[in-house]
Structures are given as C-alpha cells and as structure tokens.
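**Student:** Structure incoming, see below.
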Amino acid sequence: MSSLIIDDISMRFELPNGGAVQALQNVSLNLKSGELMSVLGPSGCGKTTLLNIVAGFLAPTEGKVILNDHVVTGPAAERGMVFQQGALFEWMNVRKNIAFGPDMAGKPAAETQEKVESLLQIVGLKDFADKMIYELSGGMQQRVALARCLANDPDVILMDEPLGALDALTREKMQGLVLKLWKETGKTIILITHSVEEALLLGERLVVMAPRPGRIHKEYNLPFAEMGVGQDLRMVKKEKKFGEVREEILTMIWDMEEEIMGRQEEVA
C-alpha cells in the first residue's frame, strides 16, 4: 500500500526588496493509498504552493514529502498533475495527447494503444479520439487532461482547480467523473478548489487552510464523496448534513477573509 506523508512542511519566499513571505508553516498530513482529499481556504493560504511542493515543482524551506518511503526531490511519473487549464498539446489530437506519457517512457506501442482506448472509453471521449484539442469544449479538454494523467499510472493525482473554468452544468458532470475515476482506479487524489460545495462533494477528507502563514485550520472526514459515486450530486447537496457543514465552512472562511481585510486596513 502506497502512502503519502507531508511532514512538517514550511515554505518561505524571499522577496527582491529584502522582505519575505511565509507561505506555509508546519503543515503535516498523512494520506493512505486511495484517499480522496480536497483542500480549501481563502486566497493566499498556500493551497497551490502545497500542491506544487508535493508535485516536486518547489523544494520546501523546511520539512519533506515522502511517497512510498522515498523523499520527493522533484517531479516524477508517480505524481500526476491536472491543472486548471489542461496544458494540452494543441498540435496533437486527443489520442496522441493521452499516449504522450507512455510514448515518452518507451512503453510498447500495443500496450499504449490498449491503454489509450480504455481511457477514451472511461472519460467518454471515444468518438472524439481523432479531434484536435482546439476543436473540443473546455469540459472535453479537461477530460483529456484527466485521461493523459491516468495514462502514466501515477500513484497520486494532484488537481489544481481543475474544474474552476467550467460552466456550472459541465462542472457538475466533471465532478461526477472525478468520483467515478477515484472509485474505479483507486488512486490517491488531492484536489485544490475555491468552491466549498465542490470541496464537500469531492473530499472524503476535507482540509480547510488558514492564511498568513498558510497552515491547517480544520480537517473533516465526510460521507458525501462516497454517497456521490454514481448518484445525482444534486441529491447529495440536499442532505441536511451537507448544508450544515457547508454553512460552517463558509462562515469559517468568511471570518478569515474579514480578519485579512482588517489587517490590511490597519497597515494602510
């Protein structure tokens, strides 16, 4: 069983004027294989910085990330990233985008083709395999991004606001797809979002972060992701418990934002 350990991570950015920003301070989390965790918090709480450290794009000032008993020292195929914008190759069609990772890793062509065809079916793009990326809607492009990530068979999937640019209806459909992929693949997933509802729907664990410095404020264990697998997500949102937790978290984040605004007024 693979595990992901975020061990006492702190991140300090030095500024050109001689100042510094403490983006993260003493963040620790332990994820078991197959867990789905959403991370939520006001702007400036270090959500994306934390994700970039786990991905290996940034080296923390203090602490370490351990995956499968190895310290993370940089990007690797064991950690797949899905960005808000798909970061897809516009000059390739859908099938070639999905096959890119296995092709670069030198996987046998027949094996790659079989995997790509399977993923096209899973993400609902079987009829669009030969389309160019610019011919697809935003939702379809994110489906390609998910499939391309899964093609590399990572242990951990990292999602940075992957559905933030989508319209409401497409976003709800994609939330259902994320839950479906989570259950079918058994991957460990960390998802960053600004949407409280999305964090509740897509996090069997939900972490609320506080800003300045970025740190864990509160953690929840929730039933809604499990309930939402194969179900109408609008029915999940009607659950009494869903509404109660949503209001609690909204109030929590609102209070944080008010505190930040108060500090800025004092400085001004």
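The chains in the structure tokens are called A, B, ... from first to last as shown; in each chain the residues are counted from 1, and the ligands are counted from 1 in the order shown.
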Could you list, as a ChimeraX atom specification, every residue within 12 Å of Glu239 of chain A, counting only C-alpha atoms and ignoring same-chain residues fewer than 4 positions away?
**Tutor:** /A:200-201,223-224,227-228,232-235,243-246
**Student:** Selection from above, N, CA and C atoms, as an mmCIF file, in the first residue's frame, can you write it?
**Tutor:**
```
data_model
loop_
_atom_site.group_PDB
_atom_site.id
_atom_site.type_symbol
_atom_site.label_atom_id
_atom_site.label_comp_id
_atom_site.auth_asym_id
_atom_site.auth_seq_id
_atom_site.Cartn_x
_atom_site.Cartn_y
_atom_site.Cartn_z
ATOM 1 N N LEU A 200 -16.759 19.774 -0.543
ATOM 2 C CA LEU A 200 -17.597 18.833 0.204
ATOM 3 C C LEU A 200 -17.933 17.602 -0.638
ATOM 4 N N LEU A 201 -18.235 17.819 -1.911
ATOM 5 C CA LEU A 201 -18.613 16.722 -2.792
ATOM 6 C C LEU A 201 -17.446 15.802 -3.119
ATOM 7 N N PRO A 223 -18.934 11.950 4.400
ATOM 8 C CA PRO A 223 -19.506 10.825 3.657
ATOM 9 C C PRO A 223 -19.924 11.159 2.236
ATOM 10 N N PHE A 224 -19.839 12.434 1.834
ATOM 11 C CA PHE A 224 -20.505 12.874 0.601
ATOM 12 C C PHE A 224 -19.848 12.354 -0.674
ATOM 13 N N MET A 227 -21.102 8.897 -1.100
ATOM 14 C CA MET A 227 -22.516 8.967 -1.468
ATOM 15 C C MET A 227 -22.692 9.381 -2.925
ATOM 16 N N GLY A 228 -21.776 10.214 -3.417
ATOM 17 C CA GLY A 228 -21.922 10.782 -4.753
ATOM 18 C C GLY A 228 -21.498 9.882 -5.881
ATOM 19 N N ASP A 232 -26.851 11.182 -8.342
ATOM 20 C CA ASP A 232 -27.121 12.560 -8.726
ATOM 21 C C ASP A 232 -26.551 13.469 -7.639
ATOM 22 N N LEU A 233 -25.546 14.269 -7.970
ATOM 23 C CA LEU A 233 -24.881 15.090 -6.965
ATOM 24 C C LEU A 233 -25.817 16.134 -6.378
ATOM 25 N N ARG A 234 -26.830 16.507 -7.128
ATOM 26 C CA ARG A 234 -27.792 17.483 -6.586
ATOM 27 C C ARG A 234 -28.573 16.893 -5.413
ATOM 28 N N MET A 235 -28.787 15.586 -5.421
ATOM 29 C CA MET A 235 -29.463 14.931 -4.299
ATOM 30 C C MET A 235 -28.554 14.914 -3.070
ATOM 31 N N GLY A 243 -25.675 20.641 4.064
ATOM 32 C CA GLY A 243 -25.958 22.058 4.272
ATOM 33 C C GLY A 243 -25.345 22.598 5.551
ATOM 34 N N GLU A 244 -25.355 21.793 6.600
ATOM 35 C CA GLU A 244 -24.799 22.231 7.885
ATOM 36 C C GLU A 244 -23.292 22.443 7.793
ATOM 37 N N VAL A 245 -22.600 21.493 7.187
ATOM 38 C CA VAL A 245 -21.141 21.615 7.077
ATOM 39 C C VAL A 245 -20.771 22.746 6.122
ATOM 40 N N ARG A 246 -21.537 22.894 5.037
ATOM 41 C CA ARG A 246 -21.284 23.984 4.090
ATOM 42 C C ARG A 246 -21.366 25.336 4.785
#
```
**Student:** Just asking: which residues within segment 102-143 of chain A are alpha helix (DSSP H) according to DSSP, as a PyMOL selection string?
**Tutor:** chain A and resi 102-104+109-122+138-143
**Student:** Please identify every residue of segment 180-260 of chain A that has at least one atom no farther than 12 Å from an atom of segment 76-83 of chain A, counting only C-alpha atoms, and for each give the shortest atom pair and the distance in Å to one decimal, arranged by chain then increasing number, as a tab-separated table.
**Tutor:**
```
residue	atom	partner	partner_atom	distance
A:Lys187	CA	A:Arg79	CA	10.5
A:Thr188	CA	A:Arg79	CA	9.7
A:Ile189	CA	A:Gly80	CA	9.5
A:Ile190	CA	A:Met81	CA	9.8
A:Leu191	CA	A:Val82	CA	9.3
A:Ile192	CA	A:Phe83	CA	9.9
A:Thr193	CA	A:Phe83	CA	11.3
```
**Student:** Take the residues just selected and output them with N, CA, C and O atoms as a CSV table (one decimal), in the first residue's frame.
**Tutor:**
```csv
chain,number,residue,atom,x,y,z
A,187,LYS,N,-6.9,5.5,-7.1
A,187,LYS,CA,-5.8,6.4,-7.0
A,187,LYS,C,-6.0,7.3,-5.7
A,187,LYS,O,-7.1,7.6,-5.3
A,188,THR,N,-4.9,7.7,-5.2
A,188,THR,CA,-4.9,8.8,-4.2
A,188,THR,C,-5.0,10.1,-4.9
A,188,THR,O,-4.3,10.4,-5.8
A,189,ILE,N,-5.9,11.0,-4.4
A,189,ILE,CA,-6.2,12.2,-5.1
A,189,ILE,C,-6.2,13.4,-4.1
A,189,ILE,O,-6.8,13.3,-3.1
A,190,ILE,N,-5.5,14.4,-4.5
A,190,ILE,CA,-5.5,15.7,-3.7
A,190,ILE,C,-6.1,16.8,-4.7
A,190,ILE,O,-5.5,17.0,-5.7
A,191,LEU,N,-7.2,17.4,-4.3
A,191,LEU,CA,-7.8,18.4,-5.2
A,191,LEU,C,-7.9,19.7,-4.5
A,191,LEU,O,-8.4,19.8,-3.4
A,192,ILE,N,-7.4,20.7,-5.1
A,192,ILE,CA,-7.5,22.1,-4.6
A,192,ILE,C,-8.7,22.8,-5.3
A,192,ILE,O,-8.9,22.7,-6.5
A,193,THR,N,-9.5,23.5,-4.5
A,193,THR,CA,-10.6,24.2,-5.0
A,193,THR,C,-10.9,25.4,-4.2
A,193,THR,O,-10.6,25.5,-3.0
```
**Student:** Can you list, as a ChimeraX atom specification, every residue of segment 47-171 of chain A that DSSP puts in strand (DSSP E)?
**Tutor:** /A:62-67,70-71,79-82,156-160
**Student:** Please, what distance in Å, to one decimal, runs between atom CA of Pro162 of chain A and atom CA of Gln84 of chain A?
**Tutor:**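 Pair atom CA of Pro162 of chain A / atom CA of Gln84 of chain A returns 4.1 Å.
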**Student:** Which residue gives the smallest distance to Leu119 of chain A among A:Glu172, A:Glu90, A:Asp153, A:Glu161, with only C-alpha atoms counted?
**Tutor:**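 Distance minimum relative to Leu119 of chain A lands on A:Asp153.
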**Student:** Need the shell around Asn30 of chain A: protein/DNA/RNA residues with any atom at most 8 Å away, counting only C-alpha atoms. Skip same-chain ones fewer than 6 positions apart. Format as a list in words?
**Tutor:**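 In the requested form, the answer reads Ser3, Leu4, Ile5 and Ile6 of chain A.
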**Student:** Taking a cut-off of 9 Å and counting only C-alpha atoms, can you build a table that, for each residue of segment 112-188 of chain A near segment 51-58 of chain A, reports the nearest atom pair and how far apart they are in Å (one decimal), sorted by chain then residue number, as a Markdown table?
**Tutor:**
```
| residue | atom | partner | partner_atom | distance |
| --- | --- | --- | --- | --- |
| A:Leu158 | CA | A:Leu51 | CA | 6.9 |
| A:Met159 | CA | A:Leu51 | CA | 8.1 |
| A:Asp160 | CA | A:Leu51 | CA | 7.5 |
```
**Student:** Okay, now the selection with all heavy atoms, as an mmCIF file, in the first residue's frame?
**Tutor:**
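Saved result, selection38.cif, follows:
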```
data_model
loop_
_atom_site.group_PDB
_atom_site.id
_atom_site.type_symbol
_atom_site.label_atom_id
_atom_site.label_comp_id
_atom_site.auth_asym_id
_atom_site.auth_seq_id
_atom_site.Cartn_x
_atom_site.Cartn_y
_atom_site.Cartn_z
ATOM 1 N N LEU A 158 -2.702 14.916 -8.519
ATOM 2 C CA LEU A 158 -2.801 16.246 -7.924
ATOM 3 C C LEU A 158 -3.612 17.131 -8.854
ATOM 4 O O LEU A 158 -3.290 17.251 -10.036
ATOM 5 C CB LEU A 158 -1.400 16.828 -7.704
ATOM 6 C CG LEU A 158 -0.433 15.926 -6.924
ATOM 7 C CD1 LEU A 158 0.983 16.493 -6.983
ATOM 8 C CD2 LEU A 158 -0.888 15.748 -5.490
ATOM 9 N N MET A 159 -4.659 17.772 -8.324
ATOM 10 C CA MET A 159 -5.554 18.583 -9.141
ATOM 11 C C MET A 159 -5.607 20.002 -8.595
ATOM 12 O O MET A 159 -6.020 20.211 -7.452
ATOM 13 C CB MET A 159 -6.955 17.980 -9.162
ATOM 14 C CG MET A 159 -7.031 16.588 -9.747
ATOM 15 S SD MET A 159 -8.761 16.019 -9.836
ATOM 16 C CE MET A 159 -8.556 14.482 -10.725
ATOM 17 N N ASP A 160 -5.198 20.959 -9.414
ATOM 18 C CA ASP A 160 -5.190 22.357 -9.005
ATOM 19 C C ASP A 160 -6.331 23.099 -9.691
ATOM 20 O O ASP A 160 -6.210 23.495 -10.842
ATOM 21 C CB ASP A 160 -3.845 23.005 -9.361
ATOM 22 C CG ASP A 160 -3.711 24.405 -8.771
ATOM 23 O OD1 ASP A 160 -4.571 24.799 -7.959
ATOM 24 O OD2 ASP A 160 -2.743 25.101 -9.121
#
```
**Student:** Would you mind telling me which residue in A:Gly203, A:Pro211, A:Pro154, A:Gly230 lies nearest to Glu35 of chain A when using only C-alpha atoms?
**Tutor:**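 Using only C-alpha atoms, the shortest distance to Glu35 of chain A belongs to A:Gly203.
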**Student:** What's around Met256 of chain A at 9 Å? Count only C-alpha atoms, leave out sequence neighbours fewer than 6 positions away in its own chain, and write the answer as a PyMOL selection string.
**Tutor:** chain A and resi 41-42+210-211
**Student:** Once you have the residues from the selection above, write them out as a PDB file, in the first residue's frame, restricted to N, CA and C atoms.
**Tutor:**
```
ATOM      1  N   GLY A  41      -9.645  26.941   1.181  1.00  0.00           N
ATOM      2  CA  GLY A  41      -9.208  28.050   2.025  1.00  0.00           C
ATOM      3  C   GLY A  41      -9.219  29.344   1.251  1.00  0.00           C
ATOM      4  N   PRO A  42      -9.137  30.473   1.949  1.00  0.00           N
ATOM      5  CA  PRO A  42      -9.142  31.767   1.264  1.00  0.00           C
ATOM      6  C   PRO A  42      -7.890  31.958   0.422  1.00  0.00           C
ATOM      7  N   ALA A 210      -5.799  28.032   6.658  1.00  0.00           N
ATOM      8  CA  ALA A 210      -5.855  29.438   7.061  1.00  0.00           C
ATOM      9  C   ALA A 210      -4.617  30.145   6.507  1.00  0.00           C
ATOM     10  N   PRO A 211      -4.727  31.457   6.222  1.00  0.00           N
ATOM     11  CA  PRO A 211      -3.608  32.178   5.602  1.00  0.00           C
ATOM     12  C   PRO A 211      -2.703  32.899   6.585  1.00  0.00           C
TER      13      PRO A 211
END
```
**Student:** Of the candidates A:Gln141, A:Arg205, A:Gln22, A:Ala59, which one gets nearest to Pro75 of chain A if we count only C-alpha atoms?
**Tutor:** A:Ala59
**Student:** Quick one: residues within 9 Å of Val207 of chain A, only C-alpha atoms, excluding same-chain residues fewer than 4 positions away - as a list of chain:residue names?
**Tutor:** A:Met37, A:Ser38, A:Val39, A:Leu40, A:Gly41, A:Ala199, A:Gly203, A:Ile216, A:His217, A:Lys218, A:Glu219, A:Tyr220
**Student:** Which residue is closest to Leu31 of chain A? Choose from A:Lys237, A:Ala147, A:Glu117, A:Glu204 and count only C-alpha atoms.
**Tutor:**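 That would be A:Glu204, the residue with the smallest distance to Leu31 of chain A.
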**Student:** So that I can see what lies close to segment 93-104 of chain A, please list as a ChimeraX atom specification the residues with an atom at most 7 Å from it, counting only C-alpha atoms and leaving out residues fewer than 6 positions away in the same chain.
**Tutor:** /A:112,116,129-133,144,147-148,151-152
**Student:** Report, in Å with one decimal, the straight-line distance from atom CA of Gln113 of chain A to atom CA of Lys126 of chain A.
**Tutor:**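 Between atom CA of Gln113 of chain A and atom CA of Lys126 of chain A the gap is 12.9 Å.
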